[in-house]
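The file model-v2.tsv comes next; it holds TSV, C-alpha atoms.
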```tsv
chain	number	residue	atom	x	y	z
M	1	MET	CA	157.74	25.70	126.41
M	2	SER	CA	154.59	27.48	125.27
M	3	LEU	CA	155.86	30.74	123.88
M	4	ASN	CA	153.64	33.26	122.13
M	5	VAL	CA	155.51	32.80	118.87
M	6	ASP	CA	153.35	35.14	116.77
M	7	LEU	CA	153.72	37.96	119.30
M	8	LEU	CA	157.48	37.44	119.59
M	9	GLN	CA	158.00	37.32	115.84
M	10	SER	CA	155.81	40.34	115.07
M	11	SER	CA	157.42	42.42	117.82
M	12	PHE	CA	160.90	41.42	116.64
M	13	ASP	CA	159.97	42.50	113.12
M	14	LEU	CA	158.68	45.80	114.52
M	15	VAL	CA	161.82	46.62	116.49
M	16	MET	CA	164.11	45.61	113.64
M	17	GLU	CA	162.15	47.83	111.28
M	18	ARG	CA	162.30	50.75	113.71
M	19	GLU	CA	165.95	50.20	114.59
M	20	PRO	CA	168.01	48.06	112.21
M	21	GLU	CA	170.98	48.71	114.50
M	22	LEU	CA	169.13	47.16	117.45
M	23	THR	CA	172.08	45.06	118.52
M	24	ILE	CA	174.45	48.01	118.56
M	25	ARG	CA	172.00	49.73	120.91
M	26	PHE	CA	171.86	46.52	122.97
M	27	TYR	CA	175.64	46.55	123.46
M	28	GLU	CA	175.48	50.20	124.50
M	29	HIS	CA	173.01	49.23	127.24
M	30	LEU	CA	175.00	46.16	128.28
M	31	PHE	CA	178.34	47.95	128.49
M	32	ALA	CA	176.84	50.96	130.29
M	33	ARG	CA	175.51	48.68	133.03
M	34	HIS	CA	178.32	46.11	133.07
M	35	HIS	CA	181.45	47.62	131.56
M	36	GLU	CA	183.47	44.74	133.00
M	37	VAL	CA	182.18	42.48	130.20
M	38	GLU	CA	183.38	44.72	127.39
M	39	PRO	CA	186.80	43.00	127.14
M	40	LEU	CA	185.02	39.71	126.38
M	41	PHE	CA	183.97	41.24	123.08
M	42	SER	CA	187.39	42.50	121.98
M	43	ARG	CA	188.03	39.72	119.43
M	44	ASN	CA	185.65	41.35	116.97
M	45	SER	CA	184.81	44.92	116.14
M	46	ARG	CA	181.64	46.20	117.74
M	47	ALA	CA	179.98	46.24	114.31
M	48	GLN	CA	180.94	42.59	113.68
M	49	GLN	CA	179.74	41.57	117.13
M	50	ALA	CA	176.43	43.39	116.60
M	51	LEU	CA	175.95	41.71	113.23
M	52	MET	CA	176.63	38.25	114.70
M	53	LEU	CA	174.12	38.91	117.47
M	54	ALA	CA	171.51	40.21	115.03
M	55	ARG	CA	171.86	37.07	112.93
M	56	ALA	CA	171.66	34.83	115.99
M	57	LEU	CA	168.58	36.62	117.31
M	58	GLY	CA	166.92	36.45	113.91
M	59	ALA	CA	167.65	32.74	113.61
M	60	VAL	CA	166.30	32.00	117.08
M	61	VAL	CA	163.13	34.02	116.47
M	62	GLU	CA	162.69	32.25	113.13
M	63	HIS	CA	163.02	28.82	114.80
M	64	LEU	CA	160.88	29.41	117.90
M	65	GLU	CA	158.61	26.52	116.94
M	66	ASP	CA	161.50	24.12	116.27
M	67	ALA	CA	162.43	22.81	119.72
M	68	SER	CA	165.11	20.41	118.48
M	69	TRP	CA	166.85	23.16	116.47
M	70	LEU	CA	166.73	25.48	119.47
M	71	GLU	CA	168.04	22.86	121.86
M	72	GLN	CA	170.89	21.77	119.60
M	73	THR	CA	171.90	25.23	118.41
M	74	LEU	CA	171.67	26.99	121.75
M	75	SER	CA	173.41	24.18	123.60
M	76	VAL	CA	176.38	24.42	121.22
M	77	MET	CA	176.33	28.21	121.51
M	78	GLY	CA	176.33	28.01	125.31
M	79	ALA	CA	179.24	25.57	125.26
M	80	ARG	CA	181.19	27.90	122.97
M	81	HIS	CA	180.54	30.86	125.27
M	82	VAL	CA	182.29	29.07	128.15
M	83	GLY	CA	185.52	29.51	126.20
M	84	TYR	CA	184.81	33.23	125.84
M	85	GLY	CA	184.70	33.61	129.62
M	86	VAL	CA	180.92	33.99	129.93
M	87	THR	CA	179.63	33.21	133.42
M	88	GLU	CA	176.13	32.20	134.47
M	89	ALA	CA	175.47	35.63	136.01
M	90	MET	CA	176.20	37.30	132.69
M	91	TYR	CA	173.14	35.67	131.14
M	92	ASP	CA	170.97	37.76	133.48
M	93	TRP	CA	172.85	40.90	132.50
M	94	VAL	CA	172.32	40.16	128.82
M	95	GLY	CA	168.63	39.50	129.42
M	96	GLU	CA	168.19	42.81	131.23
M	97	ALA	CA	169.96	44.74	128.48
M	98	LEU	CA	168.02	42.94	125.74
M	99	LEU	CA	164.63	43.61	127.32
M	100	GLU	CA	165.59	47.22	127.99
M	101	THR	CA	166.63	47.67	124.36
M	102	LEU	CA	163.52	45.99	122.97
M	103	ALA	CA	161.27	48.13	125.19
M	104	GLU	CA	163.11	51.31	124.22
M	105	VAL	CA	162.87	50.65	120.49
M	106	ALA	CA	159.29	49.37	120.59
M	107	GLY	CA	158.27	52.54	122.40
M	108	ASP	CA	154.55	52.84	122.95
M	109	ALA	CA	154.03	49.45	121.27
M	110	TRP	CA	155.74	47.83	124.29
M	111	SER	CA	153.26	46.33	126.72
M	112	ASP	CA	153.16	44.13	129.79
M	113	GLU	CA	152.22	41.26	127.47
M	114	LEU	CA	155.29	41.84	125.30
M	115	ALA	CA	157.53	42.19	128.33
M	116	ALA	CA	156.26	38.89	129.71
M	117	ALA	CA	156.58	37.11	126.36
M	118	TRP	CA	160.15	38.30	125.81
M	119	SER	CA	161.11	37.57	129.40
M	120	GLU	CA	159.80	34.01	129.07
M	121	ALA	CA	161.49	33.52	125.70
M	122	TYR	CA	164.82	34.87	126.92
M	123	GLY	CA	164.61	32.64	130.00
M	124	ALA	CA	164.13	29.60	127.78
M	125	ILE	CA	166.96	30.63	125.45
M	126	ALA	CA	169.34	31.34	128.33
M	127	GLY	CA	168.36	28.05	129.98
M	128	LEU	CA	169.31	26.08	126.87
M	129	MET	CA	172.59	27.96	126.56
M	130	LYS	CA	173.40	27.44	130.25
M	131	ALA	CA	172.72	23.72	129.89
M	132	GLY	CA	175.19	23.58	127.02
M	133	ALA	CA	177.72	25.56	129.07
M	134	GLN	CA	177.33	23.19	132.02
M	135	GLN	CA	177.85	20.16	129.78
M	136	ALA	CA	180.97	21.71	128.28
M	137	ALA	CA	182.36	22.56	131.71
M	138	ALA	CA	181.72	19.06	133.08
```
Show the structure stored in the file as structure tokens.
Amino acid sequence: MSLNVDLLQSSFDLVMEREPELTIRFYEHLFARHHEVEPLFSRNSRAQQALMLARALGAVVEHLEDASWLEQTLSVMGARHVGYGVTEAMYDWVGEALLETLAEVAGDAWSDELAAAWSEAYGAIAGLMKAGAQQAAA
């Protein structure tokens, strides 16, 4: 995986500075498009869920150059999400909502290069999580 780590980290810093409640906005996008997933998030308040996601995103962005950390952490996370009822199709929904939210918050700083970098990074992240989910289901 040859991600543009500097671009991903700097753009993540930018969007978090512009919108500290980025993950709340993400869930608004996700639930507007796929309201059928909203019950999967009922164990925690929306604020708690958003905080957990913000921490997870921050940790992943911080560890983009640590392949073993990413593989281990995201595999475990994917396995855990099987128990929450997450299906493989839902990873695409999350990716769409995440990219939409990042683009919205980045505004005119969003570019084709950023879109491609985030799309590639999310694909890698989702792939590691799906692998963990498949192992857990087997």
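Using all atoms listed in the file, the contacts of region 28-34 of chain M at a cut-off of 8 Å, with sequence neighbours closer than 6 positions omitted, comprise Trp93, Val94, Ala97, Glu100 and Thr101 of chain M.
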Could you tell me how far CA of Gly123 (chain M) sits from CA of Gln48 (chain M), in Å to one decimal place?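 Rounded to one decimal, the two atoms are 25.1 Å apart.
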Restricting the calculation to all atoms listed in the file, which member of M:Leu128, M:Ala133, M:Leu3, M:Met16 is positioned closest to Glu71 (chain M)?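 Using all atoms listed in the file, the shortest distance to Glu71 (chain M) belongs to M:Leu128.
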When distances are computed from all atoms listed in the file, which of M:Arg80, M:Leu64, M:Ala56, M:Met90 shows the smallest separation from Leu7 (chain M)? M:Leu64
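Near Phe41 (chain M), within 12 Å and counting only C-alpha atoms, sit Tyr27, Leu30, Phe31, His35, Glu36, Val37, Glu38, Pro39, Arg43, Asn44, Ser45, Arg46, Ala47, Gln48, Gln49, Ala50, Met52, Leu53, His81, Tyr84, Gly85 and Val86 of chain M, not including residues fewer than 2 positions from it in the same chain.
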